[in-house]
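Chemist: Dropping in protein19.pdb, which is PDB, C-alpha atoms and all ligand atoms:
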ATOM      1  CA  MET A  49      99.843 -83.498  12.670  1.00  0.00           C
ATOM      2  CA  GLU A  50      96.910 -81.356  13.788  1.00  0.00           C
ATOM      3  CA  THR A  51      97.194 -80.271  17.433  1.00  0.00           C
ATOM      4  CA  SER A  52      94.275 -80.351  19.848  1.00  0.00           C
ATOM      5  CA  ILE A  53      94.132 -76.537  19.911  1.00  0.00           C
ATOM      6  CA  THR A  54      93.983 -76.464  16.124  1.00  0.00           C
ATOM      7  CA  GLN A  55      91.140 -78.979  16.204  1.00  0.00           C
ATOM      8  CA  ALA A  56      89.343 -76.921  18.861  1.00  0.00           C
ATOM      9  CA  LEU A  57      89.726 -73.692  16.870  1.00  0.00           C
ATOM     10  CA  ARG A  58      88.313 -75.376  13.761  1.00  0.00           C
ATOM     11  CA  LYS A  59      85.414 -76.806  15.739  1.00  0.00           C
ATOM     12  CA  ASN A  60      84.649 -73.244  16.883  1.00  0.00           C
ATOM     13  CA  GLY A  61      84.367 -72.043  13.289  1.00  0.00           C
ATOM     14  CA  PHE A  62      87.808 -70.499  12.909  1.00  0.00           C
ATOM     15  CA  THR A  63      89.941 -71.239   9.872  1.00  0.00           C
ATOM     16  CA  VAL A  64      93.469 -72.246  10.839  1.00  0.00           C
ATOM     17  CA  THR A  65      96.524 -71.928   8.616  1.00  0.00           C
ATOM     18  CA  GLU A  66      99.883 -73.048  10.025  1.00  0.00           C
ATOM     19  CA  PHE A  67     103.410 -72.015   9.134  1.00  0.00           C
ATOM     20  CA  ASP A  68     106.832 -72.983  10.442  1.00  0.00           C
ATOM     21  CA  THR A  69     108.295 -69.498  10.036  1.00  0.00           C
ATOM     22  CA  LYS A  70     107.144 -65.894  10.187  1.00  0.00           C
ATOM     23  CA  GLN A  71     108.540 -65.378   6.676  1.00  0.00           C
ATOM     24  CA  ALA A  72     106.239 -68.060   5.264  1.00  0.00           C
ATOM     25  CA  ALA A  73     103.268 -66.535   7.106  1.00  0.00           C
ATOM     26  CA  ALA A  74     104.123 -63.066   5.818  1.00  0.00           C
ATOM     27  CA  ASP A  75     104.318 -64.425   2.237  1.00  0.00           C
ATOM     28  CA  TYR A  76     100.887 -66.018   2.658  1.00  0.00           C
ATOM     29  CA  LEU A  77      99.330 -62.798   3.979  1.00  0.00           C
ATOM     30  CA  ALA A  78     100.903 -60.667   1.243  1.00  0.00           C
ATOM     31  CA  GLU A  79      99.682 -63.064  -1.458  1.00  0.00           C
ATOM     32  CA  SER A  80      96.162 -63.570  -0.123  1.00  0.00           C
ATOM     33  CA  ILE A  81      95.220 -59.938   0.666  1.00  0.00           C
ATOM     34  CA  ARG A  82      94.985 -57.730  -2.416  1.00  0.00           C
ATOM     35  CA  GLY A  83      92.823 -54.793  -3.440  1.00  0.00           C
ATOM     36  CA  LYS A  84      91.255 -54.412   0.019  1.00  0.00           C
ATOM     37  CA  THR A  85      91.071 -51.881   2.783  1.00  0.00           C
ATOM     38  CA  VAL A  86      93.063 -53.399   5.624  1.00  0.00           C
ATOM     39  CA  GLY A  87      93.191 -52.434   9.298  1.00  0.00           C
ATOM     40  CA  MET A  88      96.010 -53.552  11.561  1.00  0.00           C
ATOM     41  CA  GLY A  89      95.896 -53.724  15.339  1.00  0.00           C
ATOM     42  CA  GLY A  90      98.752 -52.765  17.628  1.00  0.00           C
ATOM     43  CA  SER A  91     101.001 -55.802  17.714  1.00  0.00           C
ATOM     44  CA  MET A  92     104.606 -56.783  18.227  1.00  0.00           C
ATOM     45  CA  THR A  93     103.882 -59.934  16.230  1.00  0.00           C
ATOM     46  CA  LEU A  94     102.820 -57.977  13.139  1.00  0.00           C
ATOM     47  CA  GLY A  95     105.903 -55.812  13.545  1.00  0.00           C
ATOM     48  CA  ALA A  96     108.065 -58.949  13.577  1.00  0.00           C
ATOM     49  CA  LEU A  97     106.434 -60.147  10.344  1.00  0.00           C
ATOM     50  CA  ASP A  98     107.421 -56.819   8.718  1.00  0.00           C
ATOM     51  CA  ILE A  99     104.206 -57.028   6.722  1.00  0.00           C
ATOM     52  CA  TYR A 100     103.011 -53.416   6.550  1.00  0.00           C
ATOM     53  CA  ASP A 101     104.946 -52.300   3.445  1.00  0.00           C
ATOM     54  CA  ARG A 102     104.091 -55.480   1.562  1.00  0.00           C
ATOM     55  CA  LEU A 103     100.381 -55.106   2.310  1.00  0.00           C
ATOM     56  CA  ALA A 104     100.436 -51.376   1.546  1.00  0.00           C
ATOM     57  CA  ALA A 105     101.852 -52.107  -1.925  1.00  0.00           C
ATOM     58  CA  ALA A 106      98.629 -53.903  -2.911  1.00  0.00           C
ATOM     59  CA  ASN A 107      95.986 -52.555  -0.501  1.00  0.00           C
ATOM     60  CA  THR A 108      94.942 -49.438   1.418  1.00  0.00           C
ATOM     61  CA  VAL A 109      96.278 -50.112   4.906  1.00  0.00           C
ATOM     62  CA  PHE A 110      95.459 -48.283   8.146  1.00  0.00           C
ATOM     63  CA  TRP A 111      97.858 -48.852  11.055  1.00  0.00           C
ATOM     64  CA  HIS A 112      98.335 -46.502  13.973  1.00  0.00           C
ATOM     65  CA  GLN A 113     101.855 -47.853  14.524  1.00  0.00           C
ATOM     66  CA  VAL A 114     102.721 -46.108  11.220  1.00  0.00           C
ATOM     67  CA  THR A 115     100.237 -43.211  11.323  1.00  0.00           C
ATOM     68  CA  PRO A 116      99.479 -42.419  14.981  1.00  0.00           C
ATOM     69  CA  GLY A 117      96.098 -41.102  16.070  1.00  0.00           C
ATOM     70  CA  ASP A 118      92.501 -42.033  16.719  1.00  0.00           C
ATOM     71  CA  GLU A 119      91.205 -41.387  13.188  1.00  0.00           C
ATOM     72  CA  VAL A 120      93.407 -44.042  11.628  1.00  0.00           C
ATOM     73  CA  CYS A 121      92.102 -46.507  14.255  1.00  0.00           C
ATOM     74  CA  VAL A 122      88.522 -45.761  13.196  1.00  0.00           C
ATOM     75  CA  GLN A 123      89.467 -46.300   9.543  1.00  0.00           C
ATOM     76  CA  ALA A 124      91.180 -49.549  10.505  1.00  0.00           C
ATOM     77  CA  ASP A 125      88.123 -50.730  12.445  1.00  0.00           C
ATOM     78  CA  ASN A 126      85.942 -50.107   9.378  1.00  0.00           C
ATOM     79  CA  ALA A 127      88.248 -51.807   6.868  1.00  0.00           C
ATOM     80  CA  GLN A 128      87.270 -54.912   4.902  1.00  0.00           C
ATOM     81  CA  VAL A 129      90.059 -56.972   6.449  1.00  0.00           C
ATOM     82  CA  TYR A 130      91.462 -56.675   9.978  1.00  0.00           C
ATOM     83  CA  ILE A 131      94.735 -58.229  11.124  1.00  0.00           C
ATOM     84  CA  THR A 132      95.861 -58.438  14.710  1.00  0.00           C
ATOM     85  CA  SER A 133      97.452 -60.877  17.093  1.00  0.00           C
ATOM     86  CA  ALA A 134      96.006 -62.416  20.263  1.00  0.00           C
ATOM     87  CA  ASN A 135      97.120 -62.284  23.870  1.00  0.00           C
ATOM     88  CA  ALA A 136      96.313 -65.961  24.300  1.00  0.00           C
ATOM     89  CA  VAL A 137      94.526 -68.902  22.694  1.00  0.00           C
ATOM     90  CA  SER A 138      93.048 -71.433  25.078  1.00  0.00           C
ATOM     91  CA  GLN A 139      92.963 -75.199  24.863  1.00  0.00           C
ATOM     92  CA  GLU A 140      89.228 -74.953  24.104  1.00  0.00           C
ATOM     93  CA  GLY A 141      90.008 -72.858  21.029  1.00  0.00           C
ATOM     94  CA  TYR A 142      88.983 -69.516  22.548  1.00  0.00           C
ATOM     95  CA  ILE A 143      90.821 -66.375  21.405  1.00  0.00           C
ATOM     96  CA  LEU A 144      91.556 -63.704  24.046  1.00  0.00           C
ATOM     97  CA  ASN A 145      92.595 -60.084  23.728  1.00  0.00           C
ATOM     98  CA  ILE A 146      92.900 -57.298  26.317  1.00  0.00           C
ATOM     99  CA  ASP A 147      92.835 -53.690  25.166  1.00  0.00           C
ATOM    100  CA  GLY A 148      93.145 -50.200  26.609  1.00  0.00           C
ATOM    101  CA  ARG A 149      91.667 -47.932  23.908  1.00  0.00           C
ATOM    102  CA  GLY A 150      89.451 -50.684  22.537  1.00  0.00           C
ATOM    103  CA  ASN A 151      90.258 -50.127  18.874  1.00  0.00           C
ATOM    104  CA  ARG A 152      91.869 -53.534  18.514  1.00  0.00           C
ATOM    105  CA  LEU A 153      88.814 -55.244  19.938  1.00  0.00           C
ATOM    106  CA  ALA A 154      86.455 -53.157  17.796  1.00  0.00           C
ATOM    107  CA  GLY A 155      88.437 -54.080  14.694  1.00  0.00           C
ATOM    108  CA  THR A 156      87.711 -57.748  15.298  1.00  0.00           C
ATOM    109  CA  LEU A 157      84.038 -57.164  16.127  1.00  0.00           C
ATOM    110  CA  MET A 158      82.946 -54.847  13.314  1.00  0.00           C
ATOM    111  CA  ARG A 159      81.501 -56.339  10.124  1.00  0.00           C
ATOM    112  CA  LYS A 160      84.379 -57.797   8.110  1.00  0.00           C
ATOM    113  CA  GLU A 161      85.165 -59.919   5.107  1.00  0.00           C
ATOM    114  CA  ARG A 162      88.072 -61.389   7.002  1.00  0.00           C
ATOM    115  CA  VAL A 163      89.552 -61.106  10.491  1.00  0.00           C
ATOM    116  CA  ILE A 164      93.004 -62.620  10.913  1.00  0.00           C
ATOM    117  CA  PHE A 165      94.727 -63.378  14.216  1.00  0.00           C
ATOM    118  CA  VAL A 166      98.452 -63.921  13.698  1.00  0.00           C
ATOM    119  CA  VAL A 167      99.600 -66.044  16.609  1.00  0.00           C
ATOM    120  CA  GLY A 168     103.036 -67.320  17.626  1.00  0.00           C
ATOM    121  CA  GLU A 169     102.987 -70.653  19.416  1.00  0.00           C
ATOM    122  CA  ASN A 170     104.066 -68.948  22.664  1.00  0.00           C
ATOM    123  CA  LYS A 171     100.485 -67.622  22.824  1.00  0.00           C
ATOM    124  CA  LEU A 172      98.994 -71.109  23.046  1.00  0.00           C
ATOM    125  CA  ALA A 173      97.808 -71.798  26.579  1.00  0.00           C
ATOM    126  CA  GLY A 174      96.059 -74.506  28.538  1.00  0.00           C
ATOM    127  CA  PRO A 175      92.422 -74.345  29.665  1.00  0.00           C
ATOM    128  CA  PHE A 176      90.655 -70.962  29.657  1.00  0.00           C
ATOM    129  CA  PRO A 177      91.761 -69.861  33.176  1.00  0.00           C
ATOM    130  CA  GLU A 178      95.383 -70.379  32.136  1.00  0.00           C
ATOM    131  CA  ALA A 179      94.832 -68.413  28.937  1.00  0.00           C
ATOM    132  CA  LEU A 180      93.277 -65.590  30.951  1.00  0.00           C
ATOM    133  CA  GLU A 181      96.211 -65.720  33.331  1.00  0.00           C
ATOM    134  CA  ARG A 182      98.576 -65.485  30.389  1.00  0.00           C
ATOM    135  CA  ALA A 183      96.741 -62.473  28.952  1.00  0.00           C
ATOM    136  CA  ARG A 184      96.629 -60.636  32.303  1.00  0.00           C
ATOM    137  CA  ASN A 185      99.930 -61.591  33.902  1.00  0.00           C
ATOM    138  CA  THR A 186     102.256 -62.157  30.967  1.00  0.00           C
ATOM    139  CA  ALA A 187     101.074 -60.247  27.892  1.00  0.00           C
ATOM    140  CA  ALA A 188      99.651 -57.152  29.581  1.00  0.00           C
ATOM    141  CA  PRO A 189     102.654 -56.361  31.846  1.00  0.00           C
ATOM    142  CA  LEU A 190     105.056 -56.857  28.941  1.00  0.00           C
ATOM    143  CA  ASN A 191     102.955 -54.596  26.736  1.00  0.00           C
ATOM    144  CA  ALA A 192     102.758 -51.980  29.478  1.00  0.00           C
ATOM    145  CA  GLY A 193     106.552 -52.087  29.682  1.00  0.00           C
ATOM    146  CA  ARG A 194     106.913 -51.823  25.905  1.00  0.00           C
ATOM    147  CA  LEU A 195     104.702 -48.740  25.954  1.00  0.00           C
ATOM    148  CA  SER A 196     106.656 -47.245  28.909  1.00  0.00           C
ATOM    149  CA  LYS A 197     103.506 -47.015  31.021  1.00  0.00           C
ATOM    150  CA  LYS A 198     103.741 -45.919  34.632  1.00  0.00           C
ATOM    151  CA  THR A 199     101.997 -48.942  36.078  1.00  0.00           C
ATOM    152  CA  PRO A 200     102.976 -51.322  38.876  1.00  0.00           C
ATOM    153  CA  CYS A 201     103.249 -54.260  36.475  1.00  0.00           C
ATOM    154  CA  THR A 202     106.187 -52.651  34.700  1.00  0.00           C
ATOM    155  CA  VAL A 203     108.094 -52.853  38.025  1.00  0.00           C
ATOM    156  CA  ASP A 204     107.547 -56.501  38.942  1.00  0.00           C
ATOM    157  CA  GLY A 205     105.984 -58.055  35.837  1.00  0.00           C
ATOM    158  CA  LYS A 206     102.692 -58.937  37.575  1.00  0.00           C
ATOM    159  CA  CYS A 207      99.217 -57.486  37.191  1.00  0.00           C
ATOM    160  CA  HIS A 208      97.964 -55.531  40.224  1.00  0.00           C
ATOM    161  CA  ASP A 209      94.571 -54.694  38.699  1.00  0.00           C
ATOM    162  CA  CYS A 210      95.810 -51.140  38.992  1.00  0.00           C
ATOM    163  CA  ALA A 211      93.950 -47.840  39.065  1.00  0.00           C
ATOM    164  CA  SER A 212      96.741 -46.068  37.220  1.00  0.00           C
ATOM    165  CA  PRO A 213      95.827 -43.423  34.611  1.00  0.00           C
ATOM    166  CA  ASP A 214      98.272 -45.357  32.409  1.00  0.00           C
ATOM    167  CA  ARG A 215      96.357 -48.643  32.776  1.00  0.00           C
ATOM    168  CA  ILE A 216      96.253 -50.524  29.441  1.00  0.00           C
ATOM    169  CA  CYS A 217      93.758 -53.206  30.509  1.00  0.00           C
ATOM    170  CA  ASN A 218      90.265 -51.756  30.153  1.00  0.00           C
ATOM    171  CA  ALA A 219      88.461 -54.458  28.225  1.00  0.00           C
ATOM    172  CA  LEU A 220      88.742 -58.183  27.648  1.00  0.00           C
ATOM    173  CA  LEU A 221      87.301 -59.845  24.547  1.00  0.00           C
ATOM    174  CA  VAL A 222      86.971 -63.606  24.287  1.00  0.00           C
ATOM    175  CA  PHE A 223      85.914 -65.194  21.030  1.00  0.00           C
ATOM    176  CA  TRP A 224      84.306 -68.491  21.879  1.00  0.00           C
ATOM    177  CA  LYS A 225      83.363 -69.021  18.252  1.00  0.00           C
ATOM    178  CA  LYS A 226      83.383 -67.177  14.922  1.00  0.00           C
ATOM    179  CA  THR A 227      80.911 -64.321  14.939  1.00  0.00           C
ATOM    180  CA  TYR A 228      78.136 -63.996  12.343  1.00  0.00           C
ATOM    181  CA  TRP A 229      79.310 -60.572  11.191  1.00  0.00           C
ATOM    182  CA  CYS A 230      82.664 -61.808   9.964  1.00  0.00           C
ATOM    183  CA  ASP A 231      82.639 -63.841   6.778  1.00  0.00           C
ATOM    184  CA  SER A 232      85.902 -65.451   7.845  1.00  0.00           C
ATOM    185  CA  MET A 233      87.841 -65.523  11.095  1.00  0.00           C
ATOM    186  CA  GLU A 234      91.253 -67.087  10.703  1.00  0.00           C
ATOM    187  CA  VAL A 235      94.113 -67.967  12.995  1.00  0.00           C
ATOM    188  CA  VAL A 236      97.484 -67.844  11.263  1.00  0.00           C
ATOM    189  CA  LEU A 237      99.474 -70.038  13.633  1.00  0.00           C
ATOM    190  CA  ILE A 238     103.249 -69.711  13.398  1.00  0.00           C
ATOM    191  CA  HIS A 239     105.490 -72.287  15.034  1.00  0.00           C
ATOM    192  CA  GLU A 240     107.841 -69.664  16.477  1.00  0.00           C
ATOM    193  CA  ASP A 241     107.700 -67.476  19.571  1.00  0.00           C
ATOM    194  CA  LEU A 242     106.403 -64.067  18.494  1.00  0.00           C
ATOM    195  CA  GLY A 243     105.296 -61.016  20.447  1.00  0.00           C
ATOM    196  CA  TYR A 244     103.985 -61.146  23.989  1.00  0.00           C
TER     197      TYR A 244
HETATM  198  S1  LIG B 301      95.688 -53.741  35.030  1.00  0.00           S
HETATM  199 FE1  LIG B 301      97.385 -52.323  35.448  1.00  0.00          FE
HETATM  200  S2  LIG B 301      98.862 -53.569  36.605  1.00  0.00           S
HETATM  201 FE2  LIG B 301      97.484 -54.993  35.587  1.00  0.00          FE
HETATM  202  S3  LIG B 301      98.576 -55.507  33.694  1.00  0.00           S
HETATM  203 FE3  LIG B 301      97.096 -53.848  33.249  1.00  0.00          FE
HETATM  204  S4  LIG B 301      98.296 -51.988  33.406  1.00  0.00           S
HETATM  205 FE4  LIG B 301      99.462 -53.619  34.444  1.00  0.00          FE
END
If you convert what's in this file into structure tokens, what do you get?
Ligand code: SF4
Modeler:
Amino acid sequence: METSITQALRKNGFTVTEFDTKQAAADYLAESIRGKTVGMGGSMTLGALDIYDRLAAANTVFWHQVTPGDEVCVQADNAQVYITSANAVSQEGYILNIDGRGNRLAGTLMRKERVIFVVGENKLAGPFPEALERARNTAAPLNAGRLSKKTPCTVDGKCHDCASPDRICNALLVFWKKTYWCDSMEVVLIHEDLGY
């Protein structure tokens, strides 16, 4: 049965496809993306789907987690298709992401045939303030820890709105609705806990 968040996302112009497992979602992505340039954002969720090699077999894929550097991020941002996760999805159907470099946000904003947010159900939040809280106080500290940043949140797991040179939270992007520049914005919702 369709959840209220799914209904809200659809009302906001996002396509929603739902899967019970990450394997089923990975099969769907591999089958539905072919012959394209594809950018991938930094994401534990995409790593868990183990999708890079399957996409690269049928597309030209740019992912800085495989080829580090700024140039590959620019190529990813300019690809026809961009795949990332989200830090939170609110009850109103808003999609939130926080970024340090900004490449992941740019990839979802630049003109695209298709932007895909792959989201585990642990990313589903309540009303917008709770989603923002999740992005700032759950996802960001865990990501800072994953990246071995020297920030106060890696010590106690809470955001201190730090002034650290290692700060990873420099921009927040909230999609209230699908943007005009993207032909399709899709949430691939997986009924498993994935990523942060
Ligand atoms: S602003 Fe600083 S303390 Fe807060 S989550 Fe980001 S890196 Fe951690």
Chemist: Could you tell me, as a list of chain:residue names, exactly which residues end up selected when the PyMOL selection byres (((chain A and resi 190) around 10) and not hetatm) is applied to this structure?
Modeler: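 What the PyMOL selection byres (((chain A and resi 190) around 10) and not hetatm) grabs from the file is A:Arg184, A:Asn185, A:Thr186, A:Ala187, A:Ala188, A:Pro189, A:Asn191, A:Ala192, A:Gly193, A:Arg194, A:Leu195, A:Ser196, A:Cys201, A:Thr202, A:Gly205, A:Lys206, A:Gly243, A:Tyr244.
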Chemist: Compile a residue-level contact table for stretch 53-138 of chain A against stretch 155-168 of chain A at a cut-off of 10 Å, reporting for every qualifying residue the shortest atom pair and its distance in Å to one decimal, with all atoms listed in the file counted, rows ordered by chain and ascending number, as CSV.
Modeler:
residue,atom,partner,partner_atom,distance
A:Phe62,CA,A:Ile164,CA,9.6
A:Thr63,CA,A:Ile164,CA,9.2
A:Val64,CA,A:Phe165,CA,9.6
A:Thr65,CA,A:Val166,CA,9.7
A:Glu66,CA,A:Val167,CA,9.6
A:Phe67,CA,A:Gly168,CA,9.7
A:Asp68,CA,A:Gly168,CA,9.9
A:Thr69,CA,A:Gly168,CA,9.5
A:Lys70,CA,A:Gly168,CA,8.6
A:Ala73,CA,A:Val166,CA,8.6
A:Ala74,CA,A:Val166,CA,9.7
A:Leu77,CA,A:Ile164,CA,9.4
A:Ile81,CA,A:Arg162,CA,9.7
A:Lys84,CA,A:Glu161,CA,9.7
A:Val86,CA,A:Arg162,CA,9.5
A:Gly87,CA,A:Gly155,CA,7.4
A:Met88,CA,A:Gly155,CA,8.2
A:Gly89,CA,A:Gly155,CA,7.5
A:Ser91,CA,A:Val166,CA,9.4
A:Thr93,CA,A:Val166,CA,7.2
A:Leu94,CA,A:Val166,CA,7.4
A:Leu97,CA,A:Val166,CA,9.4
A:Cys121,CA,A:Gly155,CA,8.4
A:Val122,CA,A:Gly155,CA,8.5
A:Gln123,CA,A:Gly155,CA,9.4
A:Ala124,CA,A:Gly155,CA,6.8
A:Asp125,CA,A:Gly155,CA,4.0
A:Asn126,CA,A:Met158,CA,6.9
A:Ala127,CA,A:Lys160,CA,7.2
A:Gln128,CA,A:Lys160,CA,5.2
A:Val129,CA,A:Arg162,CA,4.9
A:Tyr130,CA,A:Val163,CA,4.9
A:Ile131,CA,A:Ile164,CA,4.7
A:Thr132,CA,A:Phe165,CA,5.1
A:Ser133,CA,A:Val166,CA,4.7
A:Ala134,CA,A:Phe165,CA,6.3
A:Asn135,CA,A:Val167,CA,8.5
A:Ala136,CA,A:Val167,CA,8.4
A:Val137,CA,A:Val167,CA,8.4
Chemist: Just to confirm, what's the straight-line distance from atom CA of A:Gln55 to atom CA of A:Glu178 in Å (one decimal)?
Modeler: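 Here the two named atoms are 18.6 Å from each other.
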Chemist: Nearest residue to A:Ala105 out of A:Arg215, A:Arg82, A:His239, A:Lys226, using only C-alpha atoms?
Modeler: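 Between A:Arg215, A:Arg82, A:His239, A:Lys226, the residue approaching A:Ala105 most closely is A:Arg82.
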Chemist: In Å, with one decimal, what is the gap from atom CA of A:Lys197 to atom CA of A:Ile238?
Modeler: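 Pair atom CA of A:Lys197 / atom CA of A:Ile238 returns 28.7 Å.
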Chemist: I'd like the interatomic distance between atom CA of A:Val203 and atom CA of A:Leu172, to a tenth of an Å.
Modeler: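 So the answer is 25.3 Å.
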Chemist: Here is a test: counting all atoms listed in the file, which residue of A:Leu220, A:Ala173, A:Cys207, A:Cys230 is nearest to ligand LIG 301 (chain B)?
Modeler: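 Nearest candidate to ligand LIG 301 (chain B) out of A:Leu220, A:Ala173, A:Cys207, A:Cys230: A:Cys207.
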Chemist: Can you pull out every residue within 9 Å of A:Ser138, counting only C-alpha atoms, but drop anything in the same chain fewer than 6 positions away, and send it as a PyMOL selection string?
Modeler: chain A and resi 53+144+171-180
Chemist: Kindly provide, as JSON, the centre and edge lengths (Å, one decimal) of an axis-aligned box around all atoms of stretch 225-229 of chain A given in the file, with 3 Å on each side.
Modeler:
{"center_x": 80.8, "center_y": -64.8, "center_z": 14.7, "size_x": 11.2, "size_y": 14.4, "size_z": 13.1}
Chemist: Can you list, as a PyMOL selection string, the residues that the PyMOL selection byres (((chain A and resi 114) around 12) and not hetatm) selects here?
Modeler: chain A and resi 87-91+95+98-101+104+109-113+115-117+120-121
Chemist: Check the smallest atom-to-atom distance from each of A:Ser52, A:Ser80, A:Asp75, A:Met92 to A:Asn107 using only C-alpha atoms, then report the winner.
Modeler: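 For A:Asn107, the nearest of the candidates is A:Ser80.
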Chemist: Name the residues that the PyMOL selection byres (((chain A and resi 223) around 8) and not hetatm) picks from the file above, as an mmCIF file with C-alpha atoms, in the coordinates of the input, using the file's chain letters and numbers.
Modeler:
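Just written: result20.cif:
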data_model
loop_
_atom_site.group_PDB
_atom_site.id
_atom_site.type_symbol
_atom_site.label_atom_id
_atom_site.label_comp_id
_atom_site.auth_asym_id
_atom_site.auth_seq_id
_atom_site.Cartn_x
_atom_site.Cartn_y
_atom_site.Cartn_z
ATOM 1 C CA TYR A 142 88.983 -69.516 22.548
ATOM 2 C CA ILE A 143 90.821 -66.375 21.405
ATOM 3 C CA LEU A 144 91.556 -63.704 24.046
ATOM 4 C CA LEU A 221 87.301 -59.845 24.547
ATOM 5 C CA VAL A 222 86.971 -63.606 24.287
ATOM 6 C CA TRP A 224 84.306 -68.491 21.879
ATOM 7 C CA LYS A 225 83.363 -69.021 18.252
ATOM 8 C CA LYS A 226 83.383 -67.177 14.922
ATOM 9 C CA THR A 227 80.911 -64.321 14.939
#
Chemist: Looking at only C-alpha atoms and all ligand atoms, which of A:Glu234, A:Asp204, A:Tyr228, A:Leu242 is the one that sits closest to ligand LIG 301 (chain B)?
Modeler: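 Nearest candidate to ligand LIG 301 (chain B) out of A:Glu234, A:Asp204, A:Tyr228, A:Leu242: A:Asp204.
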Chemist: For a quick check of understanding, using only C-alpha atoms and all ligand atoms, which of A:Asn218, A:Asn170, A:Asn145, A:Gln139 has the smallest distance to ligand LIG 301 (chain B)?
Modeler: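 Answer, going by the shortest atom-to-atom distance: A:Asn218.
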Chemist: When distances are computed from all atoms listed in the file, which of A:Met233, A:Glu140, A:Cys210, A:Cys217 shows the smallest separation from A:Ala183?
Modeler: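 Looking at the shortest contact to A:Ala183, the residue is A:Cys217.
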Chemist: Can I get a file of stretch 104-146 of chain A from the given structure, C-alpha atoms kept, as an mmCIF file, in the first residue's frame?
Modeler:
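Okay, this is what ended up in out_37.cif:
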data_model
loop_
_atom_site.group_PDB
_atom_site.id
_atom_site.type_symbol
_atom_site.label_atom_id
_atom_site.label_comp_id
_atom_site.auth_asym_id
_atom_site.auth_seq_id
_atom_site.Cartn_x
_atom_site.Cartn_y
_atom_site.Cartn_z
ATOM 1 C CA ALA A 104 29.817 0.941 -16.309
ATOM 2 C CA ALA A 105 29.262 -2.151 -18.481
ATOM 3 C CA ALA A 106 26.511 -0.349 -20.423
ATOM 4 C CA ASN A 107 27.200 3.369 -19.864
ATOM 5 C CA THR A 108 30.008 5.891 -19.378
ATOM 6 C CA VAL A 109 30.050 6.385 -15.615
ATOM 7 C CA PHE A 110 31.809 9.102 -13.605
ATOM 8 C CA TRP A 111 32.221 8.439 -9.873
ATOM 9 C CA HIS A 112 34.836 10.027 -7.657
ATOM 10 C CA GLN A 113 34.647 7.067 -5.264
ATOM 11 C CA VAL A 114 36.296 5.061 -8.086
ATOM 12 C CA THR A 115 38.317 7.822 -9.777
ATOM 13 C CA PRO A 116 39.142 10.473 -7.154
ATOM 14 C CA GLY A 117 39.473 14.136 -8.065
ATOM 15 C CA ASP A 118 37.567 17.263 -8.963
ATOM 16 C CA GLU A 119 37.507 16.709 -12.738
ATOM 17 C CA VAL A 120 35.513 13.501 -12.483
ATOM 18 C CA CYS A 121 32.992 15.375 -10.288
ATOM 19 C CA VAL A 122 32.547 17.996 -13.014
ATOM 20 C CA GLN A 123 32.019 15.247 -15.601
ATOM 21 C CA ALA A 124 29.520 13.589 -13.274
ATOM 22 C CA ASP A 125 27.642 16.862 -12.758
ATOM 23 C CA ASN A 126 27.333 17.275 -16.537
ATOM 24 C CA ALA A 127 26.201 13.711 -17.261
ATOM 25 C CA GLN A 128 22.797 12.856 -18.725
ATOM 26 C CA VAL A 129 21.796 10.854 -15.658
ATOM 27 C CA TYR A 130 22.784 11.526 -12.040
ATOM 28 C CA ILE A 131 22.378 9.028 -9.206
ATOM 29 C CA THR A 132 22.807 9.848 -5.557
ATOM 30 C CA SER A 133 21.157 9.185 -2.241
ATOM 31 C CA ALA A 134 19.519 11.653 0.154
ATOM 32 C CA ASN A 135 20.271 12.568 3.741
ATOM 33 C CA ALA A 136 16.568 12.653 4.541
ATOM 34 C CA VAL A 137 13.107 12.693 2.978
ATOM 35 C CA SER A 138 10.454 14.574 4.899
ATOM 36 C CA GLN A 139 6.830 13.711 5.498
ATOM 37 C CA GLU A 140 5.887 16.504 3.069
ATOM 38 C CA GLY A 141 7.861 14.762 0.327
ATOM 39 C CA TYR A 142 10.857 17.116 0.430
ATOM 40 C CA ILE A 143 14.300 15.693 -0.391
ATOM 41 C CA LEU A 144 17.274 16.995 1.636
ATOM 42 C CA ASN A 145 21.000 16.759 1.051
ATOM 43 C CA ILE A 146 23.951 18.420 2.809
#
